[in-house]
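Source file: data.pdb; contents: PDB, C-alpha atoms, pLDDT in the B column.
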```pdb
ATOM      1  CA  MET C   1      35.311 -16.519  27.230  1.00 93.00           C
ATOM      2  CA  ARG C   2      35.790 -20.033  28.476  1.00 91.00           C
ATOM      3  CA  ALA C   3      39.540 -19.818  27.903  1.00 95.00           C
ATOM      4  CA  TYR C   4      39.574 -16.578  29.912  1.00 96.00           C
ATOM      5  CA  THR C   5      37.457 -18.115  32.684  1.00 94.00           C
ATOM      6  CA  HIS C   6      39.732 -21.148  32.857  1.00 95.00           C
ATOM      7  CA  SER C   7      43.061 -19.334  32.642  1.00 96.00           C
ATOM      8  CA  GLY C   8      42.383 -15.827  33.903  1.00 95.00           C
ATOM      9  CA  ASN C   9      44.492 -14.561  30.990  1.00 97.00           C
ATOM     10  CA  ARG C  10      43.095 -11.110  30.075  1.00 96.00           C
ATOM     11  CA  GLU C  11      44.270 -11.519  26.471  1.00 97.00           C
ATOM     12  CA  TYR C  12      41.420 -13.999  26.001  1.00 97.00           C
ATOM     13  CA  LEU C  13      38.951 -11.517  27.438  1.00 96.00           C
ATOM     14  CA  GLU C  14      40.250  -8.764  25.169  1.00 97.00           C
ATOM     15  CA  ALA C  15      40.033 -11.058  22.130  1.00 97.00           C
ATOM     16  CA  ALA C  16      36.455 -11.960  23.043  1.00 96.00           C
ATOM     17  CA  GLN C  17      35.541  -8.291  23.393  1.00 96.00           C
ATOM     18  CA  LYS C  18      37.030  -7.521  19.957  1.00 97.00           C
ATOM     19  CA  ALA C  19      35.042 -10.385  18.425  1.00 96.00           C
ATOM     20  CA  ILE C  20      31.829  -9.229  20.120  1.00 97.00           C
ATOM     21  CA  ASP C  21      32.443  -5.615  19.049  1.00 97.00           C
ATOM     22  CA  PHE C  22      32.866  -6.767  15.449  1.00 97.00           C
ATOM     23  CA  MET C  23      29.749  -8.920  15.669  1.00 97.00           C
ATOM     24  CA  LEU C  24      27.694  -6.021  17.046  1.00 98.00           C
ATOM     25  CA  MET C  25      28.841  -3.649  14.309  1.00 98.00           C
ATOM     26  CA  PRO C  26      25.998  -3.004  11.838  1.00 98.00           C
ATOM     27  CA  VAL C  27      26.110  -5.019   8.617  1.00 97.00           C
ATOM     28  CA  ASP C  28      26.276  -1.822   6.547  1.00 96.00           C
ATOM     29  CA  LYS C  29      29.505  -0.912   8.389  1.00 97.00           C
ATOM     30  CA  GLY C  30      31.132  -4.313   7.891  1.00 96.00           C
ATOM     31  CA  GLY C  31      29.775  -6.117  10.947  1.00 97.00           C
ATOM     32  CA  THR C  32      27.291  -8.938  11.283  1.00 97.00           C
ATOM     33  CA  THR C  33      24.317  -7.414  13.130  1.00 98.00           C
ATOM     34  CA  ILE C  34      21.138  -6.052  11.608  1.00 98.00           C
ATOM     35  CA  TYR C  35      19.514  -3.229  13.550  1.00 97.00           C
ATOM     36  CA  ASN C  36      15.929  -2.284  12.690  1.00 95.00           C
ATOM     37  CA  LYS C  37      14.141  -0.098  15.251  1.00 93.00           C
ATOM     38  CA  ASP C  38      14.146  -2.270  18.410  1.00 93.00           C
ATOM     39  CA  ASP C  39      15.206  -5.435  16.566  1.00 96.00           C
ATOM     40  CA  VAL C  40      18.743  -6.774  16.883  1.00 98.00           C
ATOM     41  CA  VAL C  41      19.441  -9.738  14.608  1.00 98.00           C
ATOM     42  CA  PHE C  42      22.746 -11.607  14.459  1.00 98.00           C
ATOM     43  CA  ALA C  43      23.493 -12.657  10.887  1.00 98.00           C
ATOM     44  CA  GLU C  44      25.527 -15.781  10.188  1.00 96.00           C
ATOM     45  CA  TYR C  45      25.802 -14.655   6.559  1.00 96.00           C
ATOM     46  CA  THR C  46      25.471 -10.989   5.693  1.00 95.00           C
ATOM     47  CA  HIS C  47      24.497 -11.709   2.068  1.00 94.00           C
ATOM     48  CA  LEU C  48      21.933 -14.486   2.688  1.00 95.00           C
ATOM     49  CA  PRO C  49      18.671 -14.801   4.636  1.00 97.00           C
ATOM     50  CA  ILE C  50      18.907 -14.993   8.432  1.00 98.00           C
ATOM     51  CA  VAL C  51      19.848 -18.488   9.648  1.00 98.00           C
ATOM     52  CA  MET C  52      18.241 -19.476  12.943  1.00 98.00           C
ATOM     53  CA  ASN C  53      20.990 -21.714  14.334  1.00 98.00           C
ATOM     54  CA  GLY C  54      23.666 -19.145  13.483  1.00 98.00           C
ATOM     55  CA  TRP C  55      21.705 -16.394  15.198  1.00 98.00           C
ATOM     56  CA  ILE C  56      21.349 -18.523  18.321  1.00 98.00           C
ATOM     57  CA  PHE C  57      25.014 -19.567  18.385  1.00 98.00           C
ATOM     58  CA  ALA C  58      26.000 -15.889  18.135  1.00 98.00           C
ATOM     59  CA  TRP C  59      23.547 -15.074  20.927  1.00 98.00           C
ATOM     60  CA  TRP C  60      25.157 -17.752  23.095  1.00 98.00           C
ATOM     61  CA  GLY C  61      28.583 -16.192  22.515  1.00 97.00           C
ATOM     62  CA  LEU C  62      27.278 -12.815  23.653  1.00 98.00           C
ATOM     63  CA  TYR C  63      25.484 -14.508  26.559  1.00 98.00           C
ATOM     64  CA  ASP C  64      28.771 -16.064  27.722  1.00 96.00           C
ATOM     65  CA  TYR C  65      30.459 -12.649  27.527  1.00 97.00           C
ATOM     66  CA  VAL C  66      27.720 -10.883  29.488  1.00 97.00           C
ATOM     67  CA  LEU C  67      27.547 -13.674  32.059  1.00 96.00           C
ATOM     68  CA  THR C  68      31.313 -13.747  32.580  1.00 95.00           C
ATOM     69  CA  THR C  69      31.824  -9.977  32.737  1.00 95.00           C
ATOM     70  CA  ASN C  70      28.548  -9.141  34.524  1.00 95.00           C
ATOM     71  CA  ASP C  71      28.085  -6.474  31.862  1.00 91.00           C
ATOM     72  CA  THR C  72      25.015  -4.277  32.265  1.00 91.00           C
ATOM     73  CA  SER C  73      25.687  -1.829  29.439  1.00 92.00           C
ATOM     74  CA  VAL C  74      25.608  -2.075  25.673  1.00 95.00           C
ATOM     75  CA  TYR C  75      26.366  -5.805  25.549  1.00 97.00           C
ATOM     76  CA  LYS C  76      23.547  -6.733  27.927  1.00 97.00           C
ATOM     77  CA  LYS C  77      21.171  -4.441  26.048  1.00 97.00           C
ATOM     78  CA  ALA C  78      22.094  -6.090  22.721  1.00 98.00           C
ATOM     79  CA  LEU C  79      21.651  -9.527  24.309  1.00 98.00           C
ATOM     80  CA  ASP C  80      18.177  -8.696  25.616  1.00 98.00           C
ATOM     81  CA  SER C  81      17.099  -6.948  22.406  1.00 98.00           C
ATOM     82  CA  SER C  82      18.279  -9.841  20.263  1.00 98.00           C
ATOM     83  CA  CYS C  83      16.425 -12.360  22.423  1.00 98.00           C
ATOM     84  CA  ASN C  84      13.257 -10.275  22.093  1.00 98.00           C
ATOM     85  CA  SER C  85      13.776 -10.081  18.334  1.00 98.00           C
ATOM     86  CA  LEU C  86      14.218 -13.847  18.101  1.00 98.00           C
ATOM     87  CA  VAL C  87      11.058 -14.403  20.127  1.00 98.00           C
ATOM     88  CA  SER C  88       9.096 -12.022  17.902  1.00 97.00           C
ATOM     89  CA  CYS C  89      10.174 -13.645  14.630  1.00 97.00           C
ATOM     90  CA  LEU C  90      10.389 -17.282  15.740  1.00 98.00           C
ATOM     91  CA  SER C  91       7.123 -18.103  13.973  1.00 97.00           C
ATOM     92  CA  GLN C  92       8.815 -17.282  10.663  1.00 98.00           C
ATOM     93  CA  PHE C  93      11.127 -20.280  11.191  1.00 98.00           C
ATOM     94  CA  LYS C  94       8.262 -22.780  11.180  1.00 96.00           C
ATOM     95  CA  ASN C  95       5.624 -24.228   8.964  1.00 95.00           C
ATOM     96  CA  TRP C  96       2.893 -26.660   9.932  1.00 95.00           C
ATOM     97  CA  TYR C  97       5.121 -29.748   9.757  1.00 96.00           C
ATOM     98  CA  TRP C  98       8.822 -28.824  10.298  1.00 97.00           C
ATOM     99  CA  SER C  99      11.340 -26.090  11.100  1.00 98.00           C
ATOM    100  CA  LYS C 100      12.912 -23.814   8.519  1.00 98.00           C
ATOM    101  CA  TYR C 101      16.654 -23.377   8.249  1.00 98.00           C
ATOM    102  CA  ASP C 102      16.446 -19.684   7.389  1.00 98.00           C
ATOM    103  CA  LEU C 103      14.075 -16.783   6.792  1.00 97.00           C
ATOM    104  CA  GLY C 104      14.358 -17.388   3.059  1.00 96.00           C
ATOM    105  CA  GLY C 105      12.124 -20.435   3.513  1.00 95.00           C
ATOM    106  CA  MET C 106      14.783 -23.132   3.211  1.00 96.00           C
ATOM    107  CA  MET C 107      13.584 -26.311   4.905  1.00 96.00           C
ATOM    108  CA  ALA C 108      15.794 -27.596   7.712  1.00 97.00           C
ATOM    109  CA  SER C 109      17.493 -30.921   7.117  1.00 96.00           C
ATOM    110  CA  PRO C 110      16.906 -33.594   9.795  1.00 95.00           C
ATOM    111  CA  PHE C 111      20.258 -32.606  11.343  1.00 96.00           C
ATOM    112  CA  TYR C 112      19.286 -28.929  11.591  1.00 97.00           C
ATOM    113  CA  HIS C 113      15.759 -29.752  12.745  1.00 98.00           C
ATOM    114  CA  ASN C 114      17.270 -31.733  15.640  1.00 98.00           C
ATOM    115  CA  LEU C 115      19.669 -28.859  16.307  1.00 98.00           C
ATOM    116  CA  HIS C 116      16.741 -26.433  16.375  1.00 98.00           C
ATOM    117  CA  ILE C 117      15.014 -28.614  18.979  1.00 98.00           C
ATOM    118  CA  ALA C 118      18.140 -28.656  21.151  1.00 98.00           C
ATOM    119  CA  GLN C 119      18.625 -24.913  20.733  1.00 98.00           C
ATOM    120  CA  MET C 120      15.027 -24.208  21.715  1.00 98.00           C
ATOM    121  CA  GLN C 121      15.450 -26.338  24.835  1.00 98.00           C
ATOM    122  CA  ALA C 122      18.660 -24.508  25.750  1.00 98.00           C
ATOM    123  CA  MET C 123      17.152 -21.078  25.074  1.00 98.00           C
ATOM    124  CA  TYR C 124      14.229 -21.955  27.330  1.00 98.00           C
ATOM    125  CA  GLU C 125      16.602 -23.021  30.100  1.00 98.00           C
ATOM    126  CA  LEU C 126      18.708 -19.851  29.720  1.00 98.00           C
ATOM    127  CA  THR C 127      15.902 -17.319  29.375  1.00 98.00           C
ATOM    128  CA  GLY C 128      12.763 -18.881  30.828  1.00 98.00           C
ATOM    129  CA  GLU C 129      10.854 -17.710  27.745  1.00 98.00           C
ATOM    130  CA  LYS C 130       8.039 -20.229  27.368  1.00 98.00           C
ATOM    131  CA  ILE C 131       7.879 -19.818  23.600  1.00 98.00           C
ATOM    132  CA  PHE C 132      11.206 -21.633  23.296  1.00 98.00           C
ATOM    133  CA  ASP C 133       9.823 -24.584  25.232  1.00 98.00           C
ATOM    134  CA  HIS C 134       6.726 -24.516  23.023  1.00 98.00           C
ATOM    135  CA  TYR C 135       8.810 -24.761  19.842  1.00 98.00           C
ATOM    136  CA  ALA C 136      11.070 -27.477  21.269  1.00 98.00           C
ATOM    137  CA  LYS C 137       8.022 -29.594  22.044  1.00 98.00           C
ATOM    138  CA  ARG C 138       6.316 -28.799  18.734  1.00 98.00           C
ATOM    139  CA  TRP C 139       9.347 -29.661  16.629  1.00 98.00           C
ATOM    140  CA  ARG C 140      10.126 -32.780  18.642  1.00 98.00           C
ATOM    141  CA  LYS C 141       6.563 -33.994  18.061  1.00 98.00           C
ATOM    142  CA  GLN C 142       6.862 -33.258  14.321  1.00 97.00           C
ATOM    143  CA  GLN C 143      10.203 -35.042  14.192  1.00 96.00           C
ATOM    144  CA  LYS C 144       8.578 -38.193  15.561  1.00 97.00           C
ATOM    145  CA  ASN C 145       5.648 -37.991  13.129  1.00 97.00           C
ATOM    146  CA  PRO C 146       6.415 -40.143  10.042  1.00 97.00           C
ATOM    147  CA  PHE C 147       4.205 -38.015   7.795  1.00 97.00           C
ATOM    148  CA  CYS C 148       5.831 -34.731   8.850  1.00 97.00           C
ATOM    149  CA  LYS C 149       9.298 -36.237   8.594  1.00 96.00           C
ATOM    150  CA  SER C 150       8.607 -37.632   5.109  1.00 96.00           C
ATOM    151  CA  LEU C 151       7.081 -34.388   3.878  1.00 96.00           C
ATOM    152  CA  ALA C 152      10.060 -32.419   5.157  1.00 96.00           C
ATOM    153  CA  PHE C 153      12.445 -34.861   3.479  1.00 95.00           C
ATOM    154  CA  VAL C 154      10.672 -34.535   0.128  1.00 95.00           C
ATOM    155  CA  ARG C 155      10.541 -30.743   0.330  1.00 95.00           C
ATOM    156  CA  LYS C 156      14.213 -30.560   1.321  1.00 95.00           C
ATOM    157  CA  ALA C 157      15.159 -32.865  -1.559  1.00 94.00           C
ATOM    158  CA  ILE C 158      13.276 -30.682  -4.031  1.00 95.00           C
ATOM    159  CA  GLN C 159      15.014 -27.589  -2.657  1.00 94.00           C
ATOM    160  CA  LYS C 160      18.420 -29.261  -2.992  1.00 92.00           C
ATOM    161  CA  LEU C 161      17.697 -30.322  -6.579  1.00 95.00           C
ATOM    162  CA  ALA C 162      16.647 -26.777  -7.443  1.00 93.00           C
ATOM    163  CA  GLU C 163      19.904 -25.275  -6.115  1.00 86.00           C
TER     164      GLU C 163
END
```
The structure given in the file should be rewritten as structure tokens.
Amino acid sequence: MRAYTHSGNREYLEAAQKAIDFMLMPVDKGGTTIYNKDDVVFAEYTHLPIVMNGWIFAWWGLYDYVLTTNDTSVYKKALDSSCNSLVSCLSQFKNWYWSKYDLGGMMASPFYHNLHIAQMQAMYELTGEKIFDHYAKRWRKQQKNPFCKSLAFVRKAIQKLAE
């Protein structure tokens, strides 16, 4: 989308639309989106638990498309539904001391925990949803807490050894 915006070359726009159409195709039809009633979840891996940072990066790609094209149809609806789905399941990406990498319970490494904080801040700025600001502040506070940081490190190390 940014190449299209910069150059005006419609081939970039068409390529972006093809990528978005593939992304929005249901997983059971070869795409990367999980549809369940009103929930729309973007899967980074279709054979593994949902990864939070991958979901958000995919959302940002769709956001750029909708913003650039001023789309109000299926793409905007998927964008809004996916944001609502993320908001409703965000609590599943946390525990009392750190963020989780995925819905399978994998602990986030320090790198991904920092990424989650940045993504929450950006999602708050883009959507105005206060829950994103809440999680950014929560995870930033946990990141600065030596006990939380140490506990997360130990748990992550145990998970890595068990792999």
Shortest interatomic distance to Met120 in chain C - which of C:Thr32, C:Gln142, C:Ser73, C:Asn53, counting all atoms listed in the file:
C:Asn53
Translate the PyMOL selection byres ((chain C and resi 117) around 8), as applied to the file shown, into an explicit residue set as number ranges by chain.
C: 113-116, 118-121, 135-137, 139-140
Using all atoms listed in the file for the distances, tell me which of C:Ala152, C:Pro146, C:Leu62, C:Leu79 is nearest to Ala19 in chain C.
C:Leu62
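For the structure in this document, the set picked by the PyMOL selection byres ((chain C and resi 39) around 9) is Ile34, Tyr35, Asn36, Lys37, Asp38, Val40, Val41, Ser81, Ser82, Asn84, Ser85 and Leu86 of chain C.
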Identify all residues satisfying the PyMOL selection byres ((chain C and resi 98) around 9) in the given file; provide them as a ChimeraX atom specification.
/C:93-97,99-100,107-108,113,138-139,142-143,148-149,151-152
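In this structure, CA of Lys77 in chain C sits 11.2 Å away from CA of Leu24 in chain C.
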Could you tell me how far CA of Glu44 in chain C sits from CA of Leu103 in chain C, in Å to one decimal place?
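Answer for the CA of Leu103 in chain C to CA of Glu44 in chain C separation: 12.0 Å.
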Residues near Ala3 in chain C, cut-off 8 Å, all atoms listed in the file, skip fewer than 5 positions along chain, as a ChimeraX atom specification
/C:8-9,12
Could those residues be written to a file, using C-alpha atoms, as a PDB file, in the frame of the given file?
```
ATOM      1  CA  GLY C   8      42.383 -15.827  33.903  1.00 95.00           C
ATOM      2  CA  ASN C   9      44.492 -14.561  30.990  1.00 97.00           C
ATOM      3  CA  TYR C  12      41.420 -13.999  26.001  1.00 97.00           C
TER       4      TYR C  12
END
```
Skip Gly104 in chain C itself and residues of its chain fewer than 2 positions away, then list as a PyMOL selection string all residues within 10 Å of it, counting all atoms listed in the file.
chain C and resi 48-51+92-93+100-102+106-107
Can you sort out range 87-123 of chain C so it carries N, CA and C atoms, written as an mmCIF file, in the frame of the given file?
```
data_model
loop_
_atom_site.group_PDB
_atom_site.id
_atom_site.type_symbol
_atom_site.label_atom_id
_atom_site.label_comp_id
_atom_site.auth_asym_id
_atom_site.auth_seq_id
_atom_site.Cartn_x
_atom_site.Cartn_y
_atom_site.Cartn_z
ATOM 1 N N VAL C 87 12.392 -13.998 19.676
ATOM 2 C CA VAL C 87 11.058 -14.403 20.127
ATOM 3 C C VAL C 87 9.993 -13.883 19.164
ATOM 4 N N SER C 88 10.132 -12.624 18.749
ATOM 5 C CA SER C 88 9.096 -12.022 17.902
ATOM 6 C C SER C 88 9.074 -12.586 16.487
ATOM 7 N N CYS C 89 10.183 -13.120 16.001
ATOM 8 C CA CYS C 89 10.174 -13.645 14.630
ATOM 9 C C CYS C 89 10.302 -15.168 14.567
ATOM 10 N N LEU C 90 10.236 -15.831 15.706
ATOM 11 C CA LEU C 90 10.389 -17.282 15.740
ATOM 12 C C LEU C 90 9.366 -17.991 14.863
ATOM 13 N N SER C 91 8.164 -17.466 14.785
ATOM 14 C CA SER C 91 7.123 -18.103 13.973
ATOM 15 C C SER C 91 7.489 -18.147 12.490
ATOM 16 N N GLN C 92 8.390 -17.282 12.060
ATOM 17 C CA GLN C 92 8.815 -17.282 10.663
ATOM 18 C C GLN C 92 9.762 -18.445 10.346
ATOM 19 N N PHE C 93 10.241 -19.129 11.376
ATOM 20 C CA PHE C 93 11.127 -20.280 11.191
ATOM 21 C C PHE C 93 10.358 -21.603 11.261
ATOM 22 N N LYS C 94 9.057 -21.551 11.112
ATOM 23 C CA LYS C 94 8.262 -22.780 11.180
ATOM 24 C C LYS C 94 7.267 -22.835 10.027
ATOM 25 N N ASN C 95 6.828 -24.030 9.749
ATOM 26 C CA ASN C 95 5.624 -24.228 8.964
ATOM 27 C C ASN C 95 4.802 -25.256 9.727
ATOM 28 N N TRP C 96 3.777 -25.795 9.144
ATOM 29 C CA TRP C 96 2.893 -26.660 9.932
ATOM 30 C C TRP C 96 3.461 -28.042 10.201
ATOM 31 N N TYR C 97 4.606 -28.391 9.573
ATOM 32 C CA TYR C 97 5.121 -29.748 9.757
ATOM 33 C C TYR C 97 6.606 -29.844 10.080
ATOM 34 N N TRP C 98 7.368 -28.726 10.109
ATOM 35 C CA TRP C 98 8.822 -28.824 10.298
ATOM 36 C C TRP C 98 9.387 -27.446 10.576
ATOM 37 N N SER C 99 10.667 -27.381 10.925
ATOM 38 C CA SER C 99 11.340 -26.090 11.100
ATOM 39 C C SER C 99 12.015 -25.674 9.798
ATOM 40 N N LYS C 100 12.211 -24.366 9.680
ATOM 41 C CA LYS C 100 12.912 -23.814 8.519
ATOM 42 C C LYS C 100 14.340 -23.471 8.930
ATOM 43 N N TYR C 101 15.255 -23.673 8.007
ATOM 44 C CA TYR C 101 16.654 -23.377 8.249
ATOM 45 C C TYR C 101 16.891 -21.868 8.331
ATOM 46 N N ASP C 102 16.206 -21.128 7.460
ATOM 47 C CA ASP C 102 16.446 -19.684 7.389
ATOM 48 C C ASP C 102 15.154 -18.933 7.062
ATOM 49 N N LEU C 103 15.244 -17.611 7.087
ATOM 50 C CA LEU C 103 14.075 -16.783 6.792
ATOM 51 C C LEU C 103 13.788 -16.695 5.305
ATOM 52 N N GLY C 104 14.622 -17.309 4.492
ATOM 53 C CA GLY C 104 14.358 -17.388 3.059
ATOM 54 C C GLY C 104 13.427 -18.546 2.722
ATOM 55 N N GLY C 105 13.054 -19.327 3.721
ATOM 56 C CA GLY C 105 12.124 -20.435 3.513
ATOM 57 C C GLY C 105 12.779 -21.781 3.291
ATOM 58 N N MET C 106 14.096 -21.858 3.399
ATOM 59 C CA MET C 106 14.783 -23.132 3.211
ATOM 60 C C MET C 106 14.387 -24.093 4.338
ATOM 61 N N MET C 107 13.976 -25.282 3.944
ATOM 62 C CA MET C 107 13.584 -26.311 4.905
ATOM 63 C C MET C 107 14.822 -26.801 5.655
ATOM 64 N N ALA C 108 14.687 -27.052 6.930
ATOM 65 C CA ALA C 108 15.794 -27.596 7.712
ATOM 66 C C ALA C 108 15.970 -29.072 7.380
ATOM 67 N N SER C 109 17.198 -29.494 7.267
ATOM 68 C CA SER C 109 17.493 -30.921 7.117
ATOM 69 C C SER C 109 17.192 -31.593 8.454
ATOM 70 N N PRO C 110 17.118 -32.929 8.502
ATOM 71 C CA PRO C 110 16.906 -33.594 9.795
ATOM 72 C C PRO C 110 17.961 -33.186 10.837
ATOM 73 N N PHE C 111 19.212 -33.037 10.409
ATOM 74 C CA PHE C 111 20.258 -32.606 11.343
ATOM 75 C C PHE C 111 19.914 -31.248 11.952
ATOM 76 N N TYR C 112 19.574 -30.273 11.095
ATOM 77 C CA TYR C 112 19.286 -28.929 11.591
ATOM 78 C C TYR C 112 17.970 -28.884 12.363
ATOM 79 N N HIS C 113 17.005 -29.691 11.982
ATOM 80 C CA HIS C 113 15.759 -29.752 12.745
ATOM 81 C C HIS C 113 16.049 -30.226 14.177
ATOM 82 N N ASN C 114 16.872 -31.254 14.310
ATOM 83 C CA ASN C 114 17.270 -31.733 15.640
ATOM 84 C C ASN C 114 18.053 -30.664 16.395
ATOM 85 N N LEU C 115 18.921 -29.953 15.687
ATOM 86 C CA LEU C 115 19.669 -28.859 16.307
ATOM 87 C C LEU C 115 18.715 -27.771 16.785
ATOM 88 N N HIS C 116 17.721 -27.447 15.972
ATOM 89 C CA HIS C 116 16.741 -26.433 16.375
ATOM 90 C C HIS C 116 16.020 -26.844 17.663
ATOM 91 N N ILE C 117 15.670 -28.120 17.761
ATOM 92 C CA ILE C 117 15.014 -28.614 18.979
ATOM 93 C C ILE C 117 15.928 -28.404 20.190
ATOM 94 N N ALA C 118 17.181 -28.808 20.049
ATOM 95 C CA ALA C 118 18.140 -28.656 21.151
ATOM 96 C C ALA C 118 18.357 -27.182 21.493
ATOM 97 N N GLN C 119 18.430 -26.331 20.474
ATOM 98 C CA GLN C 119 18.625 -24.913 20.733
ATOM 99 C C GLN C 119 17.415 -24.298 21.437
ATOM 100 N N MET C 120 16.236 -24.718 21.049
ATOM 101 C CA MET C 120 15.027 -24.208 21.715
ATOM 102 C C MET C 120 15.014 -24.628 23.181
ATOM 103 N N GLN C 121 15.390 -25.871 23.441
ATOM 104 C CA GLN C 121 15.450 -26.338 24.835
ATOM 105 C C GLN C 121 16.451 -25.507 25.631
ATOM 106 N N ALA C 122 17.625 -25.280 25.059
ATOM 107 C CA ALA C 122 18.660 -24.508 25.750
ATOM 108 C C ALA C 122 18.226 -23.062 25.951
ATOM 109 N N MET C 123 17.606 -22.463 24.933
ATOM 110 C CA MET C 123 17.152 -21.078 25.074
ATOM 111 C C MET C 123 16.087 -20.965 26.162
#
```
